[in-house]
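**Q** To be precise about what I am sending: the file is called final.tsv and holds TSV, C-alpha atoms.
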chain	number	residue	atom	x	y	z
A	1	GLY	CA	215.44	-16.93	86.02
A	2	ALA	CA	217.80	-14.87	83.86
A	3	VAL	CA	218.13	-17.33	81.00
A	4	VAL	CA	219.75	-16.34	77.74
A	5	SER	CA	219.63	-18.54	74.67
A	6	GLN	CA	221.69	-18.48	71.50
A	7	HIS	CA	221.09	-20.05	68.15
A	8	PRO	CA	222.74	-21.84	66.49
A	9	SER	CA	225.09	-23.46	68.97
A	10	ARG	CA	227.46	-24.50	66.24
A	11	VAL	CA	227.81	-23.47	62.62
A	12	ILE	CA	230.20	-24.32	59.82
A	13	CYS	CA	230.20	-22.11	56.77
A	14	LYS	CA	232.28	-21.52	53.70
A	15	SER	CA	234.58	-18.56	53.33
A	16	GLY	CA	232.77	-15.55	51.87
A	17	THR	CA	229.33	-16.43	53.19
A	18	SER	CA	227.41	-14.67	55.97
A	19	VAL	CA	226.23	-16.15	59.22
A	20	LYS	CA	223.55	-14.84	61.57
A	21	ILE	CA	223.56	-15.62	65.27
A	22	GLU	CA	220.53	-14.95	67.46
A	23	CYS	CA	220.58	-14.09	71.14
A	24	ARG	CA	217.38	-14.12	73.18
A	25	SER	CA	216.60	-13.31	76.79
A	26	LEU	CA	213.94	-15.86	77.67
A	27	ASP	CA	212.56	-14.72	81.00
A	28	PHE	CA	213.51	-11.08	81.33
A	29	GLN	CA	213.72	-7.90	79.33
A	30	ALA	CA	217.21	-6.89	78.31
A	31	THR	CA	217.76	-3.23	77.51
A	32	THR	CA	221.37	-4.00	76.77
A	33	MET	CA	222.98	-6.99	75.15
A	34	PHE	CA	226.66	-7.60	74.64
A	35	TRP	CA	228.56	-9.61	72.07
A	36	TYR	CA	231.86	-11.24	72.94
A	37	ARG	CA	234.35	-13.33	71.05
A	38	GLN	CA	236.69	-15.84	72.62
A	39	PHE	CA	239.59	-17.56	70.93
A	40	PRO	CA	240.97	-20.82	72.39
A	41	LYS	CA	242.70	-20.37	75.74
A	42	GLN	CA	242.12	-16.62	75.66
A	43	SER	CA	239.84	-14.38	77.65
A	44	LEU	CA	236.57	-12.86	76.55
A	45	MET	CA	236.85	-9.93	74.20
A	46	LEU	CA	233.94	-7.52	74.07
A	47	MET	CA	233.03	-6.80	70.47
A	48	ALA	CA	230.04	-4.50	70.85
A	49	THR	CA	227.30	-3.27	73.13
A	50	SER	CA	223.79	-3.33	71.78
A	51	ASN	CA	220.96	-1.21	73.16
A	52	GLU	CA	217.38	-1.91	72.16
A	53	GLY	CA	216.25	0.39	69.38
A	54	SER	CA	219.56	2.11	68.80
A	55	LYS	CA	222.82	1.50	66.98
A	56	ALA	CA	225.38	-0.77	68.54
A	57	THR	CA	228.57	0.61	70.03
A	58	TYR	CA	231.60	-1.24	68.75
A	59	GLU	CA	234.88	-1.71	70.56
A	60	GLN	CA	238.04	-0.36	69.03
A	61	GLY	CA	239.33	-2.62	66.28
A	62	VAL	CA	236.00	-4.34	65.60
A	63	GLU	CA	234.71	-3.71	62.09
A	64	LYS	CA	231.10	-2.60	62.28
A	65	ASP	CA	230.49	-3.35	58.60
A	66	LYS	CA	231.69	-6.90	59.07
A	67	PHE	CA	229.90	-7.63	62.32
A	68	LEU	CA	226.36	-6.33	61.95
A	69	ILE	CA	224.38	-6.10	65.15
A	70	ASN	CA	220.65	-5.55	65.44
A	71	HIS	CA	218.74	-5.21	68.69
A	72	ALA	CA	215.17	-4.86	67.52
A	73	SER	CA	213.37	-5.81	70.71
A	74	LEU	CA	213.96	-6.15	74.44
A	75	THR	CA	214.45	-9.89	74.07
A	76	LEU	CA	216.33	-10.33	70.80
A	77	SER	CA	219.67	-9.26	69.40
A	78	THR	CA	221.36	-10.65	66.32
A	79	LEU	CA	224.97	-10.69	65.17
A	80	THR	CA	225.66	-11.22	61.49
A	81	VAL	CA	229.19	-12.07	60.44
A	82	THR	CA	229.40	-10.91	56.83
A	83	SER	CA	231.80	-12.34	54.27
A	84	ALA	CA	233.25	-14.67	56.86
A	85	HIS	CA	236.86	-15.79	56.62
A	86	PRO	CA	238.75	-18.54	58.45
A	87	GLU	CA	240.21	-15.99	60.87
A	88	ASP	CA	236.65	-15.23	62.02
A	89	SER	CA	236.39	-18.78	63.36
A	90	SER	CA	235.81	-18.36	67.08
A	91	PHE	CA	233.41	-18.82	69.97
A	92	TYR	CA	230.83	-16.02	69.91
A	93	ILE	CA	228.94	-15.40	73.13
A	94	CYS	CA	226.20	-12.93	73.88
A	95	SER	CA	225.15	-11.66	77.26
A	96	ALA	CA	222.20	-9.63	78.45
A	97	ARG	CA	221.55	-7.27	81.27
A	98	ASP	CA	218.32	-7.55	83.21
A	99	LEU	CA	216.35	-4.32	83.74
A	100	GLN	CA	215.47	-5.46	87.26
A	101	LEU	CA	219.02	-6.51	88.16
A	102	ALA	CA	220.77	-3.58	86.60
A	103	TYR	CA	224.36	-4.65	87.01
A	104	GLU	CA	224.42	-8.38	86.43
A	105	GLN	CA	225.07	-9.83	83.01
A	106	TYR	CA	223.92	-13.30	82.03
A	107	PHE	CA	225.57	-15.18	79.22
A	108	GLY	CA	224.10	-17.29	76.48
A	109	PRO	CA	225.61	-20.73	75.78
A	110	GLY	CA	227.69	-19.44	72.89
A	111	THR	CA	227.97	-20.18	69.18
A	112	ARG	CA	231.01	-21.92	67.79
A	113	LEU	CA	231.68	-20.65	64.29
A	114	THR	CA	234.01	-22.49	61.95
A	115	VAL	CA	234.76	-20.94	58.57
A	116	THR	CA	236.28	-23.31	56.03
B	1	GLN	CA	243.28	1.91	80.82
B	2	LYS	CA	240.90	-0.05	82.98
B	3	GLU	CA	242.43	-3.35	84.02
B	4	VAL	CA	241.48	-6.46	85.90
B	5	GLU	CA	244.29	-8.79	86.86
B	6	GLN	CA	244.22	-12.42	87.90
B	7	ASN	CA	246.84	-15.10	88.28
B	8	SER	CA	246.32	-17.48	85.37
B	9	GLY	CA	247.21	-20.54	87.42
B	10	PRO	CA	246.63	-23.40	87.33
B	11	LEU	CA	245.74	-23.40	90.98
B	12	SER	CA	245.65	-26.97	92.23
B	13	VAL	CA	243.89	-27.89	95.47
B	14	PRO	CA	242.97	-31.26	96.92
B	15	GLU	CA	239.35	-32.28	97.14
B	16	GLY	CA	237.73	-30.89	100.28
B	17	ALA	CA	240.18	-28.00	100.65
B	18	ILE	CA	239.50	-24.28	100.36
B	19	ALA	CA	240.36	-22.71	97.02
B	20	SER	CA	241.25	-19.02	97.13
B	21	LEU	CA	241.08	-17.00	93.94
B	22	ASN	CA	242.26	-13.41	93.80
B	23	CYS	CA	241.70	-10.41	91.58
B	24	THR	CA	242.90	-6.81	91.56
B	25	TYR	CA	241.51	-3.94	89.55
B	26	SER	CA	242.78	-0.56	88.50
B	27	ASP	CA	239.84	1.83	88.95
B	28	ARG	CA	239.16	2.95	92.50
B	29	GLY	CA	235.72	4.20	91.46
B	30	SER	CA	234.38	0.76	90.50
B	31	GLN	CA	231.27	-0.31	92.40
B	32	SER	CA	230.23	-3.67	90.97
B	33	PHE	CA	232.20	-6.89	91.01
B	34	PHE	CA	231.41	-10.35	89.72
B	35	TRP	CA	232.80	-13.85	89.61
B	36	TYR	CA	232.01	-16.11	86.70
B	37	ARG	CA	232.84	-19.78	86.25
B	38	GLN	CA	233.68	-21.06	82.80
B	39	TYR	CA	234.05	-24.71	81.98
B	40	SER	CA	236.17	-25.61	78.97
B	41	GLY	CA	234.23	-25.05	75.76
B	42	LYS	CA	231.30	-23.45	77.56
B	43	SER	CA	230.17	-19.90	78.18
B	44	PRO	CA	230.66	-18.10	81.52
B	45	GLU	CA	228.18	-18.65	84.32
B	46	LEU	CA	227.59	-16.00	86.97
B	47	ILE	CA	228.24	-17.39	90.43
B	48	MET	CA	228.64	-14.33	92.65
B	49	SER	CA	228.16	-10.60	92.61
B	50	ILE	CA	229.36	-8.22	95.31
B	51	TYR	CA	228.93	-4.48	95.67
B	52	SER	CA	229.92	-3.63	99.26
B	53	ASN	CA	233.11	-4.06	101.25
B	54	GLY	CA	233.29	-7.23	103.25
B	55	ASP	CA	232.18	-10.80	102.70
B	56	LYS	CA	229.21	-12.23	100.86
B	57	GLU	CA	228.43	-15.90	101.23
B	58	ASP	CA	226.38	-18.15	98.98
B	59	GLY	CA	226.59	-21.85	99.75
B	60	ARG	CA	230.20	-22.98	99.42
B	61	PHE	CA	231.21	-19.69	97.81
B	62	THR	CA	232.33	-16.53	99.59
B	63	ALA	CA	233.21	-13.35	97.77
B	64	GLN	CA	235.36	-10.81	99.57
B	65	LEU	CA	235.72	-7.17	98.54
B	66	ASN	CA	238.20	-4.57	99.74
B	67	LYS	CA	237.73	-1.38	97.78
B	68	ALA	CA	240.55	0.46	99.57
B	69	SER	CA	243.00	-2.18	98.36
B	70	GLN	CA	241.17	-2.62	95.04
B	71	TYR	CA	241.02	-6.30	95.66
B	72	VAL	CA	238.29	-8.91	95.30
B	73	SER	CA	238.56	-12.60	96.04
B	74	LEU	CA	236.53	-15.77	95.82
B	75	LEU	CA	236.77	-18.60	98.32
B	76	ILE	CA	235.41	-22.03	97.51
B	77	ARG	CA	234.98	-24.25	100.55
B	78	ASP	CA	234.96	-28.06	100.40
B	79	SER	CA	236.26	-27.96	96.84
B	80	GLN	CA	234.94	-30.66	94.54
B	81	PRO	CA	236.32	-32.01	91.26
B	82	SER	CA	233.28	-30.44	89.58
B	83	ASP	CA	234.64	-27.03	90.65
B	84	SER	CA	237.54	-27.50	88.24
B	85	ALA	CA	237.08	-24.66	85.76
B	86	THR	CA	238.38	-21.22	84.89
B	87	TYR	CA	237.14	-18.47	87.19
B	88	LEU	CA	236.75	-15.04	85.68
B	89	CYS	CA	236.76	-11.88	87.75
B	90	ALA	CA	234.74	-9.06	86.22
B	91	VAL	CA	234.66	-5.42	87.29
B	92	GLU	CA	232.25	-2.75	86.18
B	93	PHE	CA	234.12	0.37	85.19
B	94	ILE	CA	232.50	3.77	84.88
B	95	LEU	CA	233.45	5.31	81.55
B	96	THR	CA	234.56	8.94	81.37
B	97	GLY	CA	232.08	9.69	78.61
B	98	GLY	CA	229.21	8.16	80.53
B	99	GLY	CA	227.95	4.63	80.75
B	100	ASN	CA	229.79	1.68	82.13
B	101	LYS	CA	231.62	-1.38	80.92
B	102	LEU	CA	232.20	-4.81	82.37
B	103	THR	CA	235.86	-5.76	82.06
B	104	PHE	CA	237.04	-9.32	82.55
B	105	GLY	CA	240.29	-10.64	83.86
B	106	THR	CA	242.02	-13.39	81.94
B	107	GLY	CA	240.81	-15.97	84.45
B	108	THR	CA	242.36	-18.37	86.93
B	109	GLN	CA	242.28	-22.05	86.11
B	110	LEU	CA	241.33	-24.13	89.13
B	111	LYS	CA	242.04	-27.84	89.34
B	112	VAL	CA	240.56	-29.83	92.20
B	113	GLU	CA	242.40	-33.09	92.56
B	114	LEU	CA	241.07	-36.32	94.03
As structure tokens - that is how I would like this structure written.
**A**
Amino acid sequence: GAVVSQHPSRVICKSGTSVKIECRSLDFQATTMFWYRQFPKQSLMLMATSNEGSKATYEQGVEKDKFLINHASLTLSTLTVTSAHPEDSSFYICSARDLQLAYEQYFGPGTRLTVT
Amino acid sequence: QKEVEQNSGPLSVPEGAIASLNCTYSDRGSQSFFWYRQYSGKSPELIMSIYSNGDKEDGRFTAQLNKASQYVSLLIRDSQPSDSATYLCAVEFILTGGGNKLTFGTGTQLKVEL
């Protein structure tokens, strides 16, 4: 149980374009999903917390107009990187919290974004 | 500022030995603690959660929590080369404005040598 999927697993895009990443909880309902970014050899950095049906809460320093988050259902959240630039190249990982297991977060496999 | 601290390592242990990974945290009010394993290029995988003082065992893994000392550890018995990874300690902090937030340490790199 507690499986989270992400799509795509890897994406290469040109500078100035937008990329959408999907995060799905496959076998549980997730009231809260989280989006992280991880640069090589660095720790996870929380970007935003997404609650189903409400606006995402962004961490300090994360541009909400650049990183659009939508959490339309209990099993799906999306992150759109708008007008991507090479410095946005990173490993983006979502996680979800199970309603039944209130404190544990389960991570998706991650999306490696490369902006050329 | 809520902090979680880990020694970055690398921690090298021989195959079959016990690996001991340590973590301290800054907020005495924290109630939920987690250990994640992250292989290079992969996302974190939850391996243990612990909420009460004392030990919690799951297979070769034992998590230990001491809230008075604000200290949580992970022991891996009979270490295998496949255990070589970065281990992330995560602590749930209660936010002053309500809600909570999972904060990760920077991770300890474990190398299990043949």
**Q** Which is closest to Ala68 of chain B among B:Ser30, B:Ser40, B:Thr86, B:Ser20, if we use all atoms listed in the file?
**A**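 Distance minimum relative to Ala68 of chain B lands on B:Ser30.
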**Q** If I take atom CA of Thr62 of chain B and atom CA of Val91 of chain B, how far is one from the other in Å, to one decimal?
**A**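 Rounded to one decimal, the two atoms are 16.7 Å apart.
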**Q** Quick check: residues of chain B within 8 Å of chain A, only C-alpha atoms, returned as a PyMOL selection string.
**A** chain B and resi 32+34+42-46+49+104-107
**Q** Kindly give the distance, in Å, that separates atom CA of Tyr51 of chain B and atom CA of Asn22 of chain B, rounded to a single decimal.
**A**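 Between atom CA of Tyr51 of chain B and atom CA of Asn22 of chain B the gap works out to 16.2 Å.
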**Q** What's the 8 Å shell around segment 62-66 of chain A, counting all atoms listed in the file, without same-chain residues fewer than 6 positions away, as an MDAnalysis selection string?
**A** chainID A and resid 47:48 80:83
**Q** By how many Å are atom CA of Ala19 of chain B and atom CA of Ile76 of chain B apart?
**A**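 Calculated distance between atom CA of Ala19 of chain B and atom CA of Ile76 of chain B is 5.0 Å.
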**Q** Point out the residue among B:Leu88, B:Gly9, B:Gly54, B:Glu15 with the least atom-to-atom distance to Arg37 of chain B, counting only C-alpha atoms.
**A**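 Checking each of B:Leu88, B:Gly9, B:Gly54, B:Glu15 against Arg37 of chain B, counting only C-alpha atoms, the winner is B:Leu88.
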**Q** Return the single residue from A:Leu74, A:Ala30, A:Cys23, A:Ala56 that is closest to Ala96 of chain A, with distances computed using all atoms listed in the file.
**A** A:Ala30
**Q** Using only C-alpha atoms, which residues sit within 7 Å of Ala84 of chain A once same-chain residues fewer than 5 positions away are excluded, as an mmCIF file with C-alpha atoms, in the coordinates of the input?
**A**
data_model
loop_
_atom_site.group_PDB
_atom_site.id
_atom_site.type_symbol
_atom_site.label_atom_id
_atom_site.label_comp_id
_atom_site.auth_asym_id
_atom_site.auth_seq_id
_atom_site.Cartn_x
_atom_site.Cartn_y
_atom_site.Cartn_z
ATOM 1 C CA SER A 15 234.580 -18.560 53.330
ATOM 2 C CA GLY A 16 232.770 -15.550 51.870
ATOM 3 C CA THR A 17 229.330 -16.430 53.190
ATOM 4 C CA SER A 18 227.410 -14.670 55.970
ATOM 5 C CA VAL A 115 234.760 -20.940 58.570
#
**Q** So that I can check the surroundings of Ile50 of chain B, please list as a PyMOL selection string every protein, DNA and RNA residue that reaches within 9 Å of it, counting only C-alpha atoms and ignoring chain neighbours fewer than 5 positions away.
**A** chain B and resi 31-35+55-56+63-65+72
**Q** Looking at A:Val11, A:Ser50, A:Thr114, A:Val3, which one is nearest to Trp35 of chain A, with distances taken over only C-alpha atoms?
**A**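 Comparing A:Val11, A:Ser50, A:Thr114, A:Val3 against Trp35 of chain A, the winner is A:Ser50.
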**Q** So, counting all atoms listed in the file, which residue among A:Ser5, A:Ser90, A:Thr57, A:Thr32 is closest to Ser73 of chain A?
**A** A:Thr32
**Q** So which one's closest to Ser8 of chain B, B:Leu95, B:Leu75, B:Cys89, B:Met48? Using all atoms listed in the file, please.
**A** B:Cys89
**Q** Complete segment 41-59 of chain A at the level of N, CA, C and O atoms, written as a short mmCIF file (atom, residue, chain, number, x, y, z; two decimals), in the frame of the given file.
**A**
data_model
loop_
_atom_site.label_atom_id
_atom_site.label_comp_id
_atom_site.auth_asym_id
_atom_site.auth_seq_id
_atom_site.Cartn_x
_atom_site.Cartn_y
_atom_site.Cartn_z
N LYS A 41 241.79 -20.66 74.64
CA LYS A 41 242.70 -20.37 75.74
C LYS A 41 242.93 -18.87 75.92
O LYS A 41 243.95 -18.47 76.51
N GLN A 42 242.02 -18.05 75.45
CA GLN A 42 242.12 -16.62 75.66
C GLN A 42 240.87 -16.13 76.40
O GLN A 42 239.88 -16.84 76.53
N SER A 43 240.96 -14.91 76.90
CA SER A 43 239.84 -14.38 77.65
C SER A 43 238.77 -13.83 76.72
O SER A 43 238.96 -13.74 75.51
N LEU A 44 237.66 -13.46 77.32
CA LEU A 44 236.57 -12.86 76.55
C LEU A 44 236.99 -11.50 76.02
O LEU A 44 237.60 -10.71 76.72
N MET A 45 236.61 -11.25 74.78
CA MET A 45 236.85 -9.93 74.20
C MET A 45 235.51 -9.33 73.81
O MET A 45 234.79 -9.90 72.99
N LEU A 46 235.19 -8.19 74.41
CA LEU A 46 233.94 -7.52 74.07
C LEU A 46 234.04 -6.97 72.65
O LEU A 46 234.99 -6.26 72.33
N MET A 47 233.05 -7.30 71.84
CA MET A 47 233.03 -6.80 70.47
C MET A 47 232.15 -5.54 70.38
O MET A 47 232.53 -4.56 69.75
N ALA A 48 230.98 -5.61 70.99
CA ALA A 48 230.04 -4.50 70.85
C ALA A 48 228.98 -4.57 71.92
O ALA A 48 228.70 -5.63 72.49
N THR A 49 228.41 -3.41 72.20
CA THR A 49 227.30 -3.27 73.13
C THR A 49 226.08 -2.86 72.33
O THR A 49 226.15 -1.92 71.53
N SER A 50 224.98 -3.55 72.57
CA SER A 50 223.79 -3.33 71.78
C SER A 50 222.64 -2.89 72.68
O SER A 50 222.27 -3.59 73.60
N ASN A 51 222.11 -1.70 72.42
CA ASN A 51 220.96 -1.21 73.16
C ASN A 51 219.71 -1.29 72.29
O ASN A 51 219.75 -0.96 71.10
N GLU A 52 218.63 -1.72 72.90
CA GLU A 52 217.38 -1.91 72.16
C GLU A 52 216.96 -0.63 71.46
O GLU A 52 216.90 0.43 72.08
N GLY A 53 216.75 -0.73 70.16
CA GLY A 53 216.25 0.39 69.38
C GLY A 53 217.29 1.40 68.94
O GLY A 53 216.94 2.40 68.32
N SER A 54 218.54 1.16 69.24
CA SER A 54 219.56 2.11 68.80
C SER A 54 220.75 1.36 68.21
O SER A 54 220.84 0.14 68.30
N LYS A 55 221.65 2.13 67.62
CA LYS A 55 222.82 1.50 66.98
C LYS A 55 223.76 0.92 68.02
O LYS A 55 223.91 1.48 69.11
N ALA A 56 224.42 -0.14 67.64
CA ALA A 56 225.38 -0.77 68.54
C ALA A 56 226.64 0.08 68.66
O ALA A 56 227.00 0.82 67.74
N THR A 57 227.28 -0.04 69.79
CA THR A 57 228.57 0.61 70.03
C THR A 57 229.65 -0.44 69.93
O THR A 57 229.66 -1.40 70.70
N TYR A 58 230.57 -0.25 69.00
CA TYR A 58 231.60 -1.24 68.75
C TYR A 58 232.89 -0.89 69.49
O TYR A 58 233.24 0.29 69.63
N GLU A 59 233.59 -1.91 69.93
CA GLU A 59 234.88 -1.71 70.56
C GLU A 59 235.92 -1.38 69.49
O GLU A 59 235.77 -1.72 68.31
#
